[in-house]
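Student: Data: final22.txt, compact mmCIF, C-alpha atoms.
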# COMPACT_ATOMS: atom_id res chain seq x y z
CA MET O 1 25.46 -9.36 -5.94
CA LYS O 2 22.83 -10.25 -3.39
CA VAL O 3 19.90 -7.84 -3.39
CA THR O 4 18.85 -6.82 0.10
CA HIS O 5 15.14 -6.77 0.92
CA SER O 6 15.68 -5.07 4.25
CA LEU O 7 14.31 -1.51 4.36
CA ARG O 8 16.93 -0.58 6.95
CA GLY O 9 19.76 -2.08 4.90
CA ARG O 10 18.50 -0.44 1.72
CA LEU O 11 18.24 2.99 3.34
CA LEU O 12 21.70 2.70 4.87
CA TRP O 13 23.22 1.47 1.61
CA PHE O 14 21.73 4.27 -0.49
CA LEU O 15 22.42 7.03 2.05
CA LEU O 16 26.03 5.97 2.67
CA ALA O 17 26.59 5.60 -1.07
CA ALA O 18 25.13 9.09 -1.57
CA ILE O 19 27.48 10.50 1.07
CA SER O 20 30.49 8.84 -0.58
CA ILE O 21 29.49 10.03 -4.05
CA ALA O 22 28.93 13.55 -2.71
CA ALA O 23 32.41 13.52 -1.09
CA ILE O 24 34.04 12.34 -4.35
CA ALA O 25 32.13 14.96 -6.33
CA GLN O 26 33.18 17.64 -3.84
CA ALA O 27 36.84 16.61 -4.12
CA THR O 28 36.66 16.65 -7.94
CA ILE O 29 34.98 20.06 -8.03
CA ALA O 30 37.44 21.46 -5.49
CA TYR O 31 40.41 20.16 -7.49
CA ARG O 32 39.14 21.54 -10.80
CA THR O 33 38.26 24.87 -9.21
CA ALA O 34 41.68 25.13 -7.58
CA LEU O 35 43.38 24.17 -10.85
CA GLY O 36 41.41 26.83 -12.73
CA ASP O 37 42.30 29.45 -10.12
CA ALA O 38 45.97 28.44 -10.25
CA ASP O 39 45.97 28.70 -14.05
CA GLU O 40 44.56 32.22 -13.89
CA ILE O 41 47.00 33.34 -11.18
CA PHE O 42 50.11 31.83 -12.80
CA ASP O 43 49.12 32.97 -16.28
CA TYR O 44 48.78 36.50 -14.96
CA HIS O 45 52.11 36.23 -13.15
CA MET O 46 53.88 34.91 -16.26
CA GLN O 47 52.33 37.62 -18.41
CA GLN O 48 53.37 40.40 -16.04
CA MET O 49 56.89 39.02 -15.74
CA ALA O 50 57.31 38.73 -19.51
CA LEU O 51 55.99 42.24 -20.11
CA ALA O 52 58.24 43.63 -17.39
CA LEU O 53 61.31 41.88 -18.83
CA GLY O 54 60.42 42.85 -22.39
CA SER O 55 60.17 46.54 -21.55
CA SER O 56 63.64 46.68 -19.99
CA ALA O 57 67.08 46.64 -21.52
CA PRO O 58 68.54 43.37 -22.86
CA LEU O 59 68.54 40.91 -19.95
CA SER O 60 71.79 39.82 -18.28
CA ASN O 61 72.41 37.45 -15.39
CA ARG O 62 72.78 40.34 -13.00
CA GLU O 63 69.54 41.93 -14.15
CA ALA O 64 67.83 38.55 -13.95
CA ALA O 65 68.96 38.18 -10.35
CA ARG O 66 67.56 41.61 -9.59
CA ALA O 67 64.22 40.49 -11.12
CA GLY O 68 64.15 37.49 -8.75
CA ILE O 69 64.97 34.82 -11.38
CA ASP O 70 67.28 32.02 -10.28
CA THR O 71 69.61 31.50 -13.23
CA ASP O 72 71.48 28.51 -11.83
CA GLY O 73 68.86 26.33 -10.06
CA GLU O 74 67.37 23.32 -11.76
CA ASN O 75 64.13 23.34 -9.74
CA ASN O 76 62.83 26.66 -10.98
CA GLU O 77 59.12 27.10 -11.22
CA LEU O 78 59.63 29.43 -14.18
CA VAL O 79 61.89 28.97 -17.21
CA VAL O 80 62.89 32.19 -18.99
CA GLN O 81 64.46 32.51 -22.45
CA VAL O 82 65.41 35.76 -24.20
CA TRP O 83 66.37 36.33 -27.85
CA THR O 84 67.64 39.36 -29.70
CA PRO O 85 65.69 40.62 -32.70
CA ASP O 86 68.06 38.68 -35.01
CA GLY O 87 67.27 35.37 -33.20
CA VAL O 88 70.33 35.01 -30.99
CA GLN O 89 69.57 33.63 -27.53
CA VAL O 90 71.09 35.93 -24.94
CA PHE O 91 69.60 34.45 -21.79
CA ARG O 92 68.20 31.17 -20.55
CA THR O 93 67.64 29.85 -17.06
CA VAL O 94 69.20 26.49 -16.28
CA SER O 95 66.61 23.75 -16.83
CA ARG O 96 66.44 20.16 -18.03
CA ALA O 97 63.45 21.05 -20.17
CA GLN O 98 64.31 21.34 -23.85
CA LEU O 99 61.95 24.11 -24.85
CA PRO O 100 61.61 25.20 -28.48
CA GLN O 101 64.15 27.78 -29.73
CA ARG O 102 61.41 29.88 -31.23
CA ALA O 103 58.62 31.77 -29.58
CA VAL O 104 54.92 31.69 -30.40
CA LEU O 105 53.58 35.03 -29.25
CA GLY O 106 50.95 34.83 -26.55
CA PHE O 107 50.04 31.75 -24.57
CA SER O 108 50.72 28.23 -25.79
CA SER O 109 51.31 24.71 -24.40
CA VAL O 110 54.32 22.58 -25.30
CA LYS O 111 55.17 18.99 -24.39
CA ALA O 112 58.79 18.40 -23.39
CA ASN O 113 60.58 15.71 -21.35
CA GLY O 114 57.31 13.87 -20.75
CA THR O 115 55.52 16.84 -19.29
CA THR O 116 53.59 19.85 -20.48
CA PHE O 117 54.78 23.44 -20.19
CA ARG O 118 52.64 26.53 -20.22
CA ILE O 119 54.44 29.27 -22.22
CA PHE O 120 53.87 32.96 -22.67
CA SER O 121 55.93 34.95 -25.18
CA VAL O 122 56.14 38.68 -25.89
CA GLN O 123 58.21 40.56 -28.50
CA THR O 124 59.59 44.11 -28.23
CA SER O 125 61.84 46.13 -30.44
CA SER O 126 64.90 45.10 -28.45
CA GLN O 127 64.21 41.47 -27.55
CA THR O 128 61.80 38.53 -27.42
CA VAL O 129 61.00 37.13 -23.97
CA GLN O 130 59.58 33.68 -23.30
CA VAL O 131 58.38 32.58 -19.83
CA ALA O 132 57.44 28.89 -19.29
CA GLN O 133 56.18 26.87 -16.36
CA ASP O 134 55.78 23.12 -15.80
CA MET O 135 52.06 22.31 -15.49
CA ALA O 136 52.88 19.72 -12.82
CA VAL O 137 53.60 22.63 -10.48
CA ARG O 138 50.08 23.90 -11.01
CA ARG O 139 48.58 20.45 -10.57
CA ASN O 140 50.47 19.93 -7.31
CA MET O 141 49.29 23.27 -5.99
CA ALA O 142 45.69 22.53 -7.04
CA GLY O 143 45.90 19.12 -5.35
CA ASN O 144 47.14 20.70 -2.12
CA LEU O 145 44.37 23.28 -2.19
CA ALA O 146 41.73 20.60 -2.92
CA LEU O 147 43.11 18.44 -0.11
CA ARG O 148 42.73 21.30 2.32
CA THR O 149 39.13 21.73 1.19
CA VAL O 150 38.22 18.04 1.20
CA GLY O 151 40.19 17.15 4.30
CA PRO O 152 37.50 18.31 6.77
CA ILE O 153 34.87 16.47 4.72
CA ALA O 154 36.91 13.26 4.87
CA VAL O 155 37.15 13.65 8.64
CA LEU O 156 33.42 14.31 8.98
CA MET O 157 32.34 11.47 6.67
CA PRO O 158 32.60 8.71 9.32
CA ILE O 159 30.76 10.92 11.80
CA LEU O 160 28.06 11.67 9.23
CA MET O 161 27.73 7.95 8.41
CA LEU O 162 27.30 7.14 12.11
CA VAL O 163 24.63 9.84 12.40
CA VAL O 164 22.81 8.40 9.37
CA TRP O 165 22.97 4.89 10.84
CA TRP O 166 21.63 6.16 14.16
CA VAL O 167 18.80 8.16 12.56
CA VAL O 168 17.72 5.30 10.26
CA SER O 169 17.84 2.74 13.05
CA GLY O 170 15.90 5.03 15.38
CA SER O 171 13.30 5.84 12.72
CA LEU O 172 12.65 2.17 12.03
CA GLU O 173 12.52 1.22 15.71
CA PRO O 174 8.67 1.52 15.81
CA VAL O 175 8.46 -1.02 12.99
CA ALA O 176 10.64 -3.42 14.97
CA ARG O 177 8.46 -2.80 18.03
CA VAL O 178 5.28 -3.65 16.10
CA ARG O 179 6.94 -6.77 14.71
CA ALA O 180 7.95 -7.84 18.22
CA GLN O 181 4.40 -7.25 19.52
CA VAL O 182 2.84 -9.33 16.77
CA ALA O 183 5.48 -12.09 17.10
CA ALA O 184 4.91 -12.38 20.86
CA ARG O 185 1.14 -12.87 20.52
CA GLN O 186 -0.76 -16.07 21.00
CA ALA O 187 -2.84 -17.39 18.11
CA ASP O 188 -6.11 -16.26 19.74
CA ASP O 189 -4.88 -12.77 20.67
CA LEU O 190 -6.56 -10.41 18.20
CA SER O 191 -6.38 -7.22 20.27
CA PRO O 192 -5.31 -4.05 18.41
CA VAL O 193 -1.63 -3.22 18.05
CA SER O 194 -0.60 0.04 19.69
CA GLU O 195 -0.32 2.92 17.19
CA THR O 196 1.39 5.26 19.67
CA GLY O 197 4.59 6.88 18.43
CA LEU O 198 4.40 5.43 14.93
CA PRO O 199 5.56 7.56 11.99
CA ASP O 200 2.99 8.73 9.45
CA GLU O 201 4.27 6.24 6.86
CA VAL O 202 3.81 3.23 9.16
CA ARG O 203 0.64 4.23 11.01
CA PRO O 204 -1.74 3.48 8.07
CA LEU O 205 -0.25 -0.01 7.77
CA VAL O 206 -0.74 -0.72 11.48
CA HIS O 207 -4.22 0.82 11.31
CA GLU O 208 -5.21 -1.53 8.49
CA LEU O 209 -3.68 -4.41 10.46
CA ASN O 210 -5.87 -3.53 13.42
CA LEU O 211 -8.92 -3.38 11.14
CA LEU O 212 -7.99 -6.84 9.86
CA PHE O 213 -7.71 -8.09 13.45
CA GLY O 214 -11.16 -6.64 14.11
CA ARG O 215 -12.67 -8.40 11.10
CA VAL O 216 -11.07 -11.70 12.09
CA ARG O 217 -12.24 -11.22 15.68
CA THR O 218 -15.77 -10.59 14.43
CA ALA O 219 -15.60 -13.67 12.22
CA PHE O 220 -14.38 -15.81 15.13
CA ALA O 221 -17.11 -14.47 17.40
CA ALA O 222 -19.74 -15.13 14.75
CA GLN O 223 -18.42 -18.65 14.30
CA GLN O 224 -18.47 -19.31 18.02
CA ASN O 225 -21.99 -17.90 18.34
CA PHE O 226 -23.13 -19.95 15.38
CA VAL O 227 -21.70 -23.16 16.82
CA ALA O 228 -23.25 -22.45 20.20
CA ASP O 229 -26.65 -21.57 18.72
CA ALA O 230 -26.59 -24.56 16.37
CA ALA O 231 -25.70 -26.95 19.19
CA HIS O 232 -28.46 -25.51 21.36
CA GLU O 233 -31.13 -25.62 18.66
CA LEU O 234 -30.22 -29.05 17.32
CA ARG O 235 -30.32 -30.62 20.76
CA THR O 236 -34.14 -30.39 21.05
CA PRO O 237 -35.13 -31.79 17.60
CA LEU O 238 -32.57 -34.57 17.86
CA ALA O 239 -33.88 -35.54 21.29
CA ALA O 240 -37.41 -35.47 19.89
CA LEU O 241 -36.37 -37.69 16.96
CA LYS O 242 -34.85 -40.14 19.41
CA LEU O 243 -38.06 -40.28 21.45
CA GLN O 244 -40.16 -40.72 18.31
CA ALA O 245 -37.88 -43.54 17.15
CA VAL O 246 -38.34 -45.23 20.55
CA SER O 247 -42.12 -44.75 20.29
CA LEU O 248 -42.06 -46.32 16.83
CA GLU O 249 -40.11 -49.27 18.18
CA ARG O 250 -42.57 -49.81 21.03
CA ALA O 251 -45.71 -49.35 18.96
CA GLU O 252 -47.75 -52.57 19.02
CA SER O 253 -50.73 -51.78 16.82
CA LEU O 254 -50.69 -50.67 13.21
CA ASP O 255 -52.43 -47.39 14.01
CA ALA O 256 -49.92 -46.55 16.74
CA ARG O 257 -47.09 -47.38 14.38
CA GLN O 258 -48.49 -45.10 11.67
CA VAL O 259 -48.86 -42.25 14.15
CA ALA O 260 -45.26 -42.75 15.30
CA VAL O 261 -44.04 -42.84 11.69
CA GLY O 262 -45.91 -39.61 10.92
CA ARG O 263 -44.40 -37.88 13.96
CA LEU O 264 -40.94 -39.14 13.08
CA THR O 265 -41.30 -37.92 9.49
CA ALA O 266 -42.45 -34.49 10.65
CA GLY O 267 -39.56 -34.33 13.11
CA ILE O 268 -37.07 -35.19 10.36
CA GLU O 269 -38.56 -32.47 8.13
CA ARG O 270 -38.24 -29.91 10.92
CA ALA O 271 -34.64 -30.96 11.61
CA THR O 272 -33.85 -30.81 7.88
CA ARG O 273 -35.34 -27.33 7.64
CA LEU O 274 -33.35 -26.21 10.67
CA VAL O 275 -30.10 -27.59 9.25
CA GLU O 276 -30.80 -25.88 5.92
CA GLN O 277 -31.37 -22.55 7.63
CA LEU O 278 -28.24 -22.99 9.73
CA LEU O 279 -26.22 -23.66 6.59
CA VAL O 280 -27.68 -20.58 4.93
CA LEU O 281 -26.85 -18.52 8.01
CA ALA O 282 -23.28 -19.86 8.06
CA ARG O 283 -22.84 -19.11 4.36
CA GLN O 284 -24.05 -15.54 4.58
CA GLU O 285 -21.92 -14.85 7.69
CA ALA O 286 -18.87 -16.24 5.90
CA SER O 287 -19.72 -14.03 2.94
CA ALA O 288 -20.02 -11.00 5.22
CA ALA O 289 -16.64 -11.70 6.85
CA GLY O 290 -14.92 -12.34 3.51
CA ASP O 291 -14.49 -10.33 0.34
CA SER O 292 -17.36 -11.62 -1.80
CA LYS O 293 -17.67 -10.18 -5.27
CA VAL O 294 -19.86 -7.07 -5.49
CA GLN O 295 -21.72 -6.45 -8.72
CA GLN O 296 -24.83 -4.82 -10.13
CA VAL O 297 -27.87 -7.03 -9.43
CA LEU O 298 -31.21 -6.56 -11.20
CA LEU O 299 -33.94 -6.69 -8.55
CA ASP O 300 -36.74 -7.29 -11.08
CA GLU O 301 -34.91 -10.30 -12.53
CA LEU O 302 -34.20 -11.58 -9.02
CA ALA O 303 -37.91 -11.32 -8.15
CA ARG O 304 -38.97 -13.19 -11.30
CA ARG O 305 -36.50 -16.02 -10.61
CA THR O 306 -37.65 -16.35 -7.01
CA VAL O 307 -41.34 -16.45 -7.90
CA GLY O 308 -40.60 -19.02 -10.62
CA ASP O 309 -38.63 -21.21 -8.22
CA LEU O 310 -41.24 -21.13 -5.43
CA VAL O 311 -44.46 -21.27 -7.42
CA GLY O 312 -44.50 -25.07 -7.05
CA MET O 313 -44.25 -24.79 -3.26
CA ALA O 314 -47.10 -22.25 -3.24
CA GLN O 315 -49.33 -24.41 -5.44
CA HIS O 316 -48.69 -27.44 -3.23
CA LYS O 317 -49.98 -25.47 -0.24
CA GLY O 318 -52.83 -23.85 -2.18
CA VAL O 319 -51.40 -20.30 -2.04
CA ASP O 320 -51.72 -17.87 -4.96
CA LEU O 321 -48.16 -16.56 -5.55
CA GLY O 322 -47.57 -13.87 -8.13
CA LEU O 323 -45.34 -10.97 -9.23
CA GLN O 324 -47.57 -7.92 -8.91
CA HIS O 325 -45.16 -5.23 -10.20
CA ALA O 326 -41.47 -5.09 -11.23
CA ASP O 327 -39.53 -1.92 -11.99
CA GLU O 328 -36.24 -2.34 -13.82
CA VAL O 329 -33.89 -1.49 -10.96
CA SER O 330 -30.34 -2.58 -10.20
CA VAL O 331 -28.43 -2.31 -6.93
CA SER O 332 -24.80 -2.92 -6.05
CA GLY O 333 -24.40 -6.06 -3.97
CA GLN O 334 -23.71 -9.77 -3.75
CA ALA O 335 -26.01 -11.71 -6.05
CA ASP O 336 -26.04 -14.92 -3.96
CA ALA O 337 -26.82 -13.08 -0.73
CA LEU O 338 -29.63 -11.06 -2.32
CA MET O 339 -31.08 -14.28 -3.75
CA ILE O 340 -31.12 -15.76 -0.23
CA LEU O 341 -32.85 -12.60 1.05
CA MET O 342 -35.54 -12.70 -1.64
CA ARG O 343 -36.12 -16.44 -1.30
CA ASN O 344 -36.46 -16.30 2.49
CA LEU O 345 -38.94 -13.41 2.28
CA VAL O 346 -41.19 -15.29 -0.14
CA GLU O 347 -40.81 -18.66 1.62
CA ASN O 348 -41.77 -17.13 4.96
CA ALA O 349 -44.83 -15.53 3.38
CA ILE O 350 -45.91 -18.83 1.77
CA LYS O 351 -45.28 -20.80 4.97
CA TYR O 352 -47.38 -18.53 7.20
CA THR O 353 -50.17 -17.92 4.69
CA PRO O 354 -53.04 -20.41 5.02
CA ALA O 355 -54.37 -22.40 2.08
CA GLY O 356 -56.42 -20.28 -0.30
CA GLY O 357 -54.42 -17.18 0.61
CA THR O 358 -52.39 -14.81 -1.53
CA VAL O 359 -48.72 -13.78 -1.63
CA ASP O 360 -47.74 -10.87 -3.87
CA VAL O 361 -44.17 -9.80 -4.71
CA ALA O 362 -43.36 -6.32 -6.07
CA VAL O 363 -40.26 -4.30 -6.94
CA ARG O 364 -40.99 -0.58 -6.72
CA GLY O 365 -38.08 1.76 -7.15
CA ALA O 366 -35.21 0.39 -5.05
CA SER O 367 -37.54 -1.51 -2.69
CA ILE O 368 -38.64 -5.15 -2.52
CA ILE O 369 -42.17 -5.59 -1.16
CA VAL O 370 -43.66 -8.96 -0.15
CA GLU O 371 -47.27 -8.97 1.07
CA ASP O 372 -49.45 -11.86 2.18
CA SER O 373 -52.95 -12.54 3.49
CA GLY O 374 -51.73 -14.49 6.50
CA PRO O 375 -52.16 -13.71 10.21
CA GLY O 376 -49.35 -11.15 10.24
CA ILE O 377 -47.16 -10.32 13.23
CA PRO O 378 -48.38 -8.37 16.26
CA THR O 379 -46.89 -4.90 16.58
CA GLU O 380 -45.13 -5.70 19.88
CA GLU O 381 -43.42 -8.74 18.31
CA ARG O 382 -42.10 -7.07 15.15
CA GLU O 383 -38.71 -6.19 16.60
CA ARG O 384 -38.13 -9.46 18.45
CA VAL O 385 -38.76 -11.66 15.40
CA PHE O 386 -35.40 -10.48 14.01
CA ASP O 387 -33.58 -12.29 16.85
CA ARG O 388 -32.10 -15.67 16.03
CA PHE O 389 -34.24 -18.70 16.95
CA TYR O 390 -37.06 -16.52 18.24
CA ARG O 391 -40.51 -17.89 17.48
CA ILE O 392 -43.82 -16.21 18.26
CA ALA O 393 -45.58 -17.94 21.12
CA GLY O 394 -48.69 -19.81 20.04
CA SER O 395 -47.72 -19.92 16.38
CA GLU O 396 -49.15 -22.98 14.70
CA THR O 397 -46.49 -23.02 11.99
CA ALA O 398 -43.24 -24.73 12.96
CA GLY O 399 -40.10 -22.86 12.09
CA SER O 400 -36.48 -22.41 13.03
CA GLY O 401 -36.65 -18.72 13.90
CA LEU O 402 -33.75 -17.93 11.56
CA GLY O 403 -35.48 -16.68 8.40
CA LEU O 404 -36.01 -13.03 9.35
CA ALA O 405 -32.66 -12.88 11.16
CA ILE O 406 -30.91 -13.95 7.95
CA ILE O 407 -32.92 -11.46 5.88
CA LYS O 408 -32.10 -8.56 8.20
CA ALA O 409 -28.38 -9.42 8.31
CA ILE O 410 -28.16 -9.48 4.50
CA ALA O 411 -30.15 -6.25 4.21
CA GLU O 412 -27.91 -4.41 6.69
CA ARG O 413 -24.80 -5.66 4.89
CA HIS O 414 -26.13 -4.00 1.72
CA GLY O 415 -27.06 -0.77 3.47
CA ALA O 416 -30.78 -1.55 3.16
CA THR O 417 -33.50 -1.35 5.80
CA LEU O 418 -36.02 -4.10 6.57
CA SER O 419 -39.36 -3.02 7.97
CA LEU O 420 -42.45 -5.06 8.87
CA GLY O 421 -46.00 -3.78 8.82
CA GLN O 422 -49.56 -4.68 7.96
CA SER O 423 -50.57 -5.03 4.34
CA ALA O 424 -53.36 -2.56 3.62
CA ARG O 425 -54.43 -4.51 0.52
CA LEU O 426 -54.17 -8.15 1.68
CA GLY O 427 -54.51 -7.68 5.43
CA GLY O 428 -51.54 -9.83 6.41
CA LEU O 429 -47.84 -9.03 6.81
CA SER O 430 -46.02 -6.55 4.60
CA ALA O 431 -42.23 -6.89 4.49
CA VAL O 432 -40.31 -4.06 2.78
CA VAL O 433 -36.57 -4.08 2.01
CA ALA O 434 -35.55 -0.57 0.94
CA PHE O 435 -32.11 -0.12 -0.65
CA PRO O 436 -30.27 3.21 -0.79
CA LYS O 437 -31.14 5.30 -3.85
CA ASN O 438 -27.51 5.47 -4.98
CA ALA O 439 -26.99 1.71 -4.60
Let's see the structure in the file written out as structure tokens.

Tutor:
Amino acid sequence: MKVTHSLRGRLLWFLLAAISIAAIAQATIAYRTALGDADEIFDYHMQQMALALGSSAPLSNREAARAGIDTDGENNELVVQVWTPDGVQVFRTVSRAQLPQRAVLGFSSVKANGTTFRIFSVQTSSQTVQVAQDMAVRRNMAGNLALRTVGPIAVLMPILMLVVWWVVSGSLEPVARVRAQVAARQADDLSPVSETGLPDEVRPLVHELNLLFGRVRTAFAAQQNFVADAAHELRTPLAALKLQAVSLERAESLDARQVAVGRLTAGIERATRLVEQLLVLARQEASAAGDSKVQQVLLDELARRTVGDLVGMAQHKGVDLGLQHADEVSVSGQADALMILMRNLVENAIKYTPAGGTVDVAVRGASIIVEDSGPGIPTEERERVFDRFYRIAGSETAGSGLGLAIIKAIAERHGATLSLGQSARLGGLSAVVAFPKNA
């Protein structure tokens, strides 16, 4: 048997099967009820007839005719036998049934001629009367009564099945409409599906589908923005590298060649840094659009790892990098993304802090604090530096303008806030990432 996976087919199959089973059960109950009622009625009739005949004088054919008993017919519903006290049969209706020539007082059932007879016997001082009836008569009557009861149901069953088919098909019509809407869409059409008129059981599914469309639309938009920004930002350094390569080719003296080589090397380093930041940005945006694993991350351990990884970079530049304070705090988040956040904060501080300066990292409560002794950021620029590829005018340090944008995006994804201010202790920039207390 082929199992159907269609919700409409399954509903119709189960409902129509339930209707059929209910009709069969109704017919069975009606038949058994009618048979029980017929047994009670006929038993009472047989008992009253036997008692009436037993209380009268010895029965003769004439008296039997007066009592309404057909003594000659062979299709009698009732078979009557009468015996005298000494056991002589004085009366018997004509019947093919060979009933026993002795009476068991009260009700009993006897099989004869392939059928079963219901018998009631009563004994008086003058005679013994036995009244019997073929049970087939009762069964036929019960069947007729049950047929009258079930007949209307049998007539209504096709109508009821049509109503069920109509109701099921109509109820599932919104699902078919949603399917048709989705099937008719182009690959780039991510607009929400209409939720109007949907049943309560289907609306959550369509709602989640619309949320999925929204997430995919956001991911596509982020990808398009990233490609556009990357193409725009890479155009300038690549053009500069090309010019520096041409200058190197045209350099005639050794000094001019060394200058050109130095400029070309610096340009390559800037392009490499930009590509690295672009890759980091692409990775964290992909992580935000996807379902990256969320776990408990220890901020103090993250800070120690970051300081250990970047201490070489700080020493090379002559910057004193250290972990000032570290509370044992854990937050719920993505370990890789938080590592990128911490690393970018410290790298930015090292990069903008002049030689001989200081960069301190601290974890206090659920906050990461990075302070430096660098020039800081003017108050009016502190909001704009979060924009992608924005660089402060007149800054002597070359950068891609992506570091703080990446940090802020990761912080917001984790429900944290990123704020910039002036370090009261070191005099430079103070960057604080504060996570929610229940994180």

Student: Pick out the residues sitting within 9 Å of O:Leu12, and hand them over as a list in words; count only C-alpha atoms, and ignore anything fewer than 5 positions along from it in its own chain.

Tutor: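 Near neighbours after the sequence-gap exclusion: Leu7, Ala17, Met161, Val164, Trp165 and Val168 of chain O.
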
Student: Kindly give the distance, in Å, that separates atom CA of O:Ser332 and atom CA of O:Leu429, rounded to a single decimal.

Tutor: 27.1 Å

Student: When distances are computed from all atoms listed in the file, which of O:Leu321, O:Ala245, O:Ala431, O:Val329 shows the smallest separation from O:Arg364?

Tutor: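 Counting all atoms listed in the file, the residue closest to O:Arg364 is O:Val329.
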
Student: Just want the 12 Å neighbourhood of O:Gln48, counted on all atoms listed in the file, with same-chain residues fewer than 2 positions away dropped. Output as a list in words.

Tutor: Ile41, Phe42, Asp43, Tyr44, His45, Met46, Ala50, Leu51, Ala52, Leu53, Gly54, Ser55, Ala67, Phe120, Ser121, Val122, Val129, Gln130 and Val131 of chain O

Student: Please determine, counting only C-alpha atoms, which residue among O:Glu347, O:Arg10, O:Arg148, O:Leu341 has the shortest atom-to-atom distance to O:Ala416.

Tutor: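 Closest to O:Ala416, using only C-alpha atoms: O:Leu341.
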
Student: Give me, please, the distance in Å between atom CA of O:Glu328 and atom CA of O:Gln296, quoted to one decimal.

Tutor: 12.2 Å

Student: So how many Å separate atom CA of O:Asp327 and atom CA of O:Ala405, to one decimal?

Tutor: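 Between atom CA of O:Asp327 and atom CA of O:Ala405 the gap works out to 26.5 Å.
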
Student: May I ask which of the residues O:Ala260, O:Val150, O:Ile350, O:Ile119 is the closest one to O:Gly312, counting all atoms listed in the file?

Tutor: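 Residue with the minimum atom-to-atom distance to O:Gly312: O:Ile350.
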
Student: Using all atoms listed in the file, which of the listed residues (O:Ile268, O:Ile153, O:Ala132, O:Leu198) sits closest to O:Leu241?

Tutor: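 For O:Leu241, the nearest of the given residues is O:Ile268.
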
Student: Might you pull out every residue within 12 Å of O:Ala23, with all atoms listed in the file counted and same-chain residues fewer than 5 positions away left off, and present them as an MDAnalysis selection string?

Tutor: chainID O and resid 16:18 28:30 146:147 149:158 160:161

Student: Within 10 Å of stretch 246-251 of chain O, counting all atoms listed in the file, which residues show up once you throw out same-chain ones fewer than 3 positions away? Write them as a ChimeraX atom specification, please.

Tutor: /O:240-243,254-264

Student: Given all atoms listed in the file as the basis, pick out the residue of O:Ser108, O:Met141, O:Gln26, O:Ala136 nearest to O:Ala38.

Tutor: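 Nearest candidate to O:Ala38 out of O:Ser108, O:Met141, O:Gln26, O:Ala136: O:Met141.
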
Student: Any idea what's packed within 12 Å of O:Gln295, counting all atoms listed in the file, ignoring anything in its chain fewer than 5 positions away? Could you give it as a PDB file with C-alpha atoms, in the coordinates of the input?

Tutor:
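Result saved to result12.pdb:
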ATOM      1  CA  SER O 330     -30.340  -2.580 -10.200  1.00  0.00           C
ATOM      2  CA  VAL O 331     -28.430  -2.310  -6.930  1.00  0.00           C
ATOM      3  CA  SER O 332     -24.800  -2.920  -6.050  1.00  0.00           C
ATOM      4  CA  GLY O 333     -24.400  -6.060  -3.970  1.00  0.00           C
ATOM      5  CA  GLN O 334     -23.710  -9.770  -3.750  1.00  0.00           C
ATOM      6  CA  ALA O 335     -26.010 -11.710  -6.050  1.00  0.00           C
ATOM      7  CA  ASP O 336     -26.040 -14.920  -3.960  1.00  0.00           C
ATOM      8  CA  ALA O 337     -26.820 -13.080  -0.730  1.00  0.00           C
ATOM      9  CA  LEU O 338     -29.630 -11.060  -2.320  1.00  0.00           C
ATOM     10  CA  HIS O 414     -26.130  -4.000   1.720  1.00  0.00           C
ATOM     11  CA  ALA O 439     -26.990   1.710  -4.600  1.00  0.00           C
TER      12      ALA O 439
END
